[in-house]
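Chemist: Right, I'll just put the structure down here and ask away after.
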Amino acid sequence: MNHFELLAATLGLVSITLQIRQSLWYWPVSIAMTAMYIAVYIDQTLYAEMLLQIYFLLMCLYGWWSWKCGGKQKSELVVSRLSAGKWPPVLAIILLLFVTLGALMSRFTNNDAPWIDALVTAISFVATWLLARKKLENWLLWIVANLLSIGLYWHKAMYPTLVLFIVLVVLAFVGHQRWRRELECK
């Protein structure tokens with residue numbers, strides 16, 4: 001068993017728990033986990049996932065600031081919903097990223113699962129943006145991305161990460177329920 005991957009997966013569990021609680025500590029823990037997963041994904045030739053981790057690092061900095069000062073009058077950001085009119089552009093961005101990344105990876109890399117890697121990455125890119133803006137719907141995209149990831153990590157024999165993503169599916173349901181209840185109370 002890869003102890004480095006196991007440690008990264010453990011940090012992933014800690015970070016998702018902090019995310020559900022909307023703790024600002026989510027962001028620095030995620031920075032550490034994300035940096036570790038860059039190395040894990042390079043080792044596994046999951047290049048879109050590796051690119052996603054670089055994006056996550058940048059989004060962690062933005063998200064940290066956004067949660068702390070991104071609300072009205074630079075106040076703490078609160079949970080909100082994505083308006084119905086925003087769904088078509090969200091889905092179009094996912095589709096565009098999926099097709100572009102899948103085509104590039106299938107042509108230019110030795111990735112043995114380029115299309116599923118691309119789809120997980122495309123959904124995760126958008127979910128991360130929604131998370132940074134505290135949009136309730138980020139959890140729905142994470143559920144889909146995490147379910148797809150389970151198959152990918154089984155294929156790659158990345159068992160600590162596979163277990164992490166099984167737990168992440170459950171925690172994404174928990175996070176969605178908790179954030180939804182908070183939103184309904186306001």
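Here, A, B, ... name the chains of the structure tokens in the order displayed, residue numbers run from 1 inside each chain, and ligands are numbered from 1 in the same displayed order.
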Name the residues in contact with stretch 48-59 of chain A at a cut-off of 7 Å, using only C-alpha atoms, excluding same-chain residues fewer than 4 positions from it; report them as a ChimeraX atom specification.
Modeler: /A:31,34,37-38,41-42,63,117-118,121,125
Chemist: Where does DSSP see alpha helix (DSSP H) in stretch 6-157 of chain A, if you list the residues as JSON, numbers by chain?
Modeler: {"A": [6, 7, 8, 9, 10, 11, 12, 13, 14, 15, 16, 17, 18, 19, 20, 26, 27, 28, 29, 30, 31, 32, 33, 34, 35, 36, 37, 38, 39, 40, 41, 42, 43, 47, 48, 49, 50, 51, 52, 53, 54, 55, 56, 57, 58, 59, 60, 61, 62, 63, 64, 65, 66, 67, 68, 69, 87, 88, 89, 90, 91, 92, 93, 94, 95, 96, 97, 98, 99, 100, 101, 102, 103, 104, 105, 106, 107, 108, 114, 115, 116, 117, 118, 119, 120, 121, 122, 123, 124, 125, 126, 127, 128, 129, 130, 131, 132, 138, 139, 140, 141, 142, 143, 144, 145, 146, 147, 148, 149, 150, 151, 152, 153, 154, 155]}
Chemist: Excluding A:Gln44 and any residue of its chain fewer than 4 positions from it, enumerate the residues within 10 Å of it, using only C-alpha atoms, and give them as a ChimeraX atom specification.
Modeler: /A:39-40,49-50,111-112,153,156-158
Chemist: Would you kindly return, as a PDB file with all heavy atoms, in the first residue's frame, each protein, DNA or RNA residue with an atom no farther than 8 Å from any atom of stretch 147-150 of chain A, considering only C-alpha atoms and excluding same-chain residues fewer than 3 positions away?
Modeler:
ATOM      1  N   ILE A 116     -12.888   8.914 -19.048  1.00  0.00           N
ATOM      2  CA  ILE A 116     -13.473   8.983 -17.693  1.00  0.00           C
ATOM      3  C   ILE A 116     -12.687   9.975 -16.841  1.00  0.00           C
ATOM      4  O   ILE A 116     -13.255  10.727 -16.055  1.00  0.00           O
ATOM      5  CB  ILE A 116     -13.582   7.588 -17.030  1.00  0.00           C
ATOM      6  CG1 ILE A 116     -14.409   7.662 -15.749  1.00  0.00           C
ATOM      7  CG2 ILE A 116     -12.231   6.994 -16.735  1.00  0.00           C
ATOM      8  CD1 ILE A 116     -15.849   7.932 -15.939  1.00  0.00           C
ATOM      9  N   VAL A 120     -14.546  13.200 -15.103  1.00  0.00           N
ATOM     10  CA  VAL A 120     -14.417  13.502 -13.670  1.00  0.00           C
ATOM     11  C   VAL A 120     -13.798  14.884 -13.484  1.00  0.00           C
ATOM     12  O   VAL A 120     -14.263  15.686 -12.667  1.00  0.00           O
ATOM     13  CB  VAL A 120     -13.582  12.416 -12.952  1.00  0.00           C
ATOM     14  CG1 VAL A 120     -13.190  12.865 -11.552  1.00  0.00           C
ATOM     15  CG2 VAL A 120     -14.347  11.104 -12.905  1.00  0.00           C
ATOM     16  N   ILE A 143     -21.287  14.639  -5.996  1.00  0.00           N
ATOM     17  CA  ILE A 143     -21.823  13.273  -5.928  1.00  0.00           C
ATOM     18  C   ILE A 143     -21.560  12.553  -7.250  1.00  0.00           C
ATOM     19  O   ILE A 143     -21.061  11.423  -7.262  1.00  0.00           O
ATOM     20  CB  ILE A 143     -23.331  13.293  -5.574  1.00  0.00           C
ATOM     21  CG1 ILE A 143     -23.519  13.750  -4.113  1.00  0.00           C
ATOM     22  CG2 ILE A 143     -23.963  11.920  -5.813  1.00  0.00           C
ATOM     23  CD1 ILE A 143     -24.951  14.121  -3.748  1.00  0.00           C
ATOM     24  N   VAL A 144     -21.864  13.200  -8.361  1.00  0.00           N
ATOM     25  CA  VAL A 144     -21.648  12.592  -9.671  1.00  0.00           C
ATOM     26  C   VAL A 144     -20.159  12.335  -9.914  1.00  0.00           C
ATOM     27  O   VAL A 144     -19.752  11.231 -10.312  1.00  0.00           O
ATOM     28  CB  VAL A 144     -22.241  13.477 -10.790  1.00  0.00           C
ATOM     29  CG1 VAL A 144     -21.880  12.931 -12.172  1.00  0.00           C
ATOM     30  CG2 VAL A 144     -23.750  13.587 -10.631  1.00  0.00           C
ATOM     31  N   TYR A 153     -10.726   4.780  -9.955  1.00  0.00           N
ATOM     32  CA  TYR A 153      -9.703   4.364  -8.986  1.00  0.00           C
ATOM     33  C   TYR A 153      -9.661   2.848  -8.826  1.00  0.00           C
ATOM     34  O   TYR A 153      -8.610   2.282  -8.516  1.00  0.00           O
ATOM     35  CB  TYR A 153      -9.905   5.083  -7.661  1.00  0.00           C
ATOM     36  CG  TYR A 153      -9.778   6.584  -7.822  1.00  0.00           C
ATOM     37  CD1 TYR A 153     -10.649   7.451  -7.186  1.00  0.00           C
ATOM     38  CD2 TYR A 153      -8.817   7.138  -8.661  1.00  0.00           C
ATOM     39  CE1 TYR A 153     -10.552   8.823  -7.364  1.00  0.00           C
ATOM     40  CE2 TYR A 153      -8.718   8.503  -8.852  1.00  0.00           C
ATOM     41  CZ  TYR A 153      -9.590   9.338  -8.199  1.00  0.00           C
ATOM     42  OH  TYR A 153      -9.490  10.685  -8.381  1.00  0.00           O
ATOM     43  N   TRP A 154     -10.770   2.170  -9.042  1.00  0.00           N
ATOM     44  CA  TRP A 154     -10.767   0.699  -9.054  1.00  0.00           C
ATOM     45  C   TRP A 154      -9.901   0.221 -10.227  1.00  0.00           C
ATOM     46  O   TRP A 154      -9.051  -0.644 -10.069  1.00  0.00           O
ATOM     47  CB  TRP A 154     -12.198   0.170  -9.182  1.00  0.00           C
ATOM     48  CG  TRP A 154     -12.237  -1.319  -9.258  1.00  0.00           C
ATOM     49  CD1 TRP A 154     -12.210  -2.095 -10.382  1.00  0.00           C
ATOM     50  CD2 TRP A 154     -12.286  -2.220  -8.156  1.00  0.00           C
ATOM     51  NE1 TRP A 154     -12.237  -3.414 -10.056  1.00  0.00           N
ATOM     52  CE2 TRP A 154     -12.289  -3.531  -8.682  1.00  0.00           C
ATOM     53  CE3 TRP A 154     -12.329  -2.051  -6.784  1.00  0.00           C
ATOM     54  CZ2 TRP A 154     -12.328  -4.655  -7.877  1.00  0.00           C
ATOM     55  CZ3 TRP A 154     -12.375  -3.178  -5.987  1.00  0.00           C
ATOM     56  CH2 TRP A 154     -12.375  -4.455  -6.532  1.00  0.00           C
ATOM     57  N   LEU A 162      -9.796   5.058  -3.614  1.00  0.00           N
ATOM     58  CA  LEU A 162     -11.113   4.481  -3.881  1.00  0.00           C
ATOM     59  C   LEU A 162     -11.975   4.510  -2.624  1.00  0.00           C
ATOM     60  O   LEU A 162     -13.135   4.936  -2.667  1.00  0.00           O
ATOM     61  CB  LEU A 162     -10.959   3.049  -4.395  1.00  0.00           C
ATOM     62  CG  LEU A 162     -12.259   2.324  -4.694  1.00  0.00           C
ATOM     63  CD1 LEU A 162     -12.134   1.594  -6.015  1.00  0.00           C
ATOM     64  CD2 LEU A 162     -12.582   1.334  -3.603  1.00  0.00           C
ATOM     65  N   PHE A 165     -13.143   7.967  -1.877  1.00  0.00           N
ATOM     66  CA  PHE A 165     -14.221   8.457  -2.720  1.00  0.00           C
ATOM     67  C   PHE A 165     -15.555   7.781  -2.429  1.00  0.00           C
ATOM     68  O   PHE A 165     -16.609   8.389  -2.638  1.00  0.00           O
ATOM     69  CB  PHE A 165     -13.820   8.399  -4.199  1.00  0.00           C
ATOM     70  CG  PHE A 165     -13.031   9.613  -4.593  1.00  0.00           C
ATOM     71  CD1 PHE A 165     -11.706   9.743  -4.226  1.00  0.00           C
ATOM     72  CD2 PHE A 165     -13.629  10.658  -5.267  1.00  0.00           C
ATOM     73  CE1 PHE A 165     -10.978  10.878  -4.537  1.00  0.00           C
ATOM     74  CE2 PHE A 165     -12.914  11.800  -5.586  1.00  0.00           C
ATOM     75  CZ  PHE A 165     -11.589  11.915  -5.221  1.00  0.00           C
ATOM     76  N   ILE A 166     -15.541   6.565  -1.936  1.00  0.00           N
ATOM     77  CA  ILE A 166     -16.790   5.955  -1.470  1.00  0.00           C
ATOM     78  C   ILE A 166     -17.336   6.771  -0.304  1.00  0.00           C
ATOM     79  O   ILE A 166     -18.523   7.110  -0.263  1.00  0.00           O
ATOM     80  CB  ILE A 166     -16.564   4.480  -1.067  1.00  0.00           C
ATOM     81  CG1 ILE A 166     -16.286   3.633  -2.308  1.00  0.00           C
ATOM     82  CG2 ILE A 166     -17.767   3.941  -0.288  1.00  0.00           C
ATOM     83  CD1 ILE A 166     -15.821   2.225  -2.013  1.00  0.00           C
ATOM     84  N   VAL A 169     -18.730  10.182  -1.418  1.00  0.00           N
ATOM     85  CA  VAL A 169     -20.098  10.154  -1.950  1.00  0.00           C
ATOM     86  C   VAL A 169     -21.097  10.318  -0.813  1.00  0.00           C
ATOM     87  O   VAL A 169     -22.019  11.142  -0.881  1.00  0.00           O
ATOM     88  CB  VAL A 169     -20.373   8.853  -2.737  1.00  0.00           C
ATOM     89  CG1 VAL A 169     -21.857   8.711  -3.051  1.00  0.00           C
ATOM     90  CG2 VAL A 169     -19.559   8.808  -4.018  1.00  0.00           C
TER      91      VAL A 169
END
Chemist: Using only C-alpha atoms, which of the listed residues (A:Ala122, A:Lys134, A:Val90, A:Ala32) sits closest to A:Gly71?
Modeler: A:Lys134
Chemist: Closest to A:Tyr62 among A:Leu141, A:Leu24, A:Leu171, A:Leu101, using only C-alpha atoms?
Modeler: A:Leu24
Chemist: Excluding stretch 76-85 of chain A and residues on its chain fewer than 4 positions from it, collect all residues at most 12 Å away from it, counting only C-alpha atoms, and give them as a PyMOL selection string.
Modeler: chain A and resi 20-24+63-72+89-91+127+129-140+175-176+178-186
Chemist: Could you please determine the separation between atom CA of A:Cys60 and atom CA of A:Tyr47 in Å, to one decimal place?
Modeler: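 Those two atoms sit 19.6 Å apart.
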Chemist: Rounded to one decimal place, report the atom CA of A:Ser30-atom CA of A:Ser15 distance in Å.
Modeler: 5.8 Å
Chemist: When distances are computed from only C-alpha atoms, which of A:Gln19, A:Ser75, A:Thr100, A:Asn146 shows the smallest separation from A:Pro114?
Modeler: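 Closest residue, counting only C-alpha atoms: A:Thr100.
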Chemist: Calculated over only C-alpha atoms, which of the candidates A:Val163, A:Leu152, A:Leu61, A:Val174 has the smallest distance to A:Thr17?
Modeler: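 Selected residue with least distance to A:Thr17: A:Val174.
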Chemist: Nearest residue to A:Ala9 out of A:Trp25, A:Met36, A:Pro88, A:Leu96, using only C-alpha atoms?
Modeler: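 When distances to A:Ala9 are compared using only C-alpha atoms, the smallest one comes from A:Met36.
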Chemist: Do you have the atom CA of A:Thr109-atom CA of A:Leu46 distance handy?
Modeler: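 Value for the atom CA of A:Thr109-atom CA of A:Leu46 distance: 9.3 Å.
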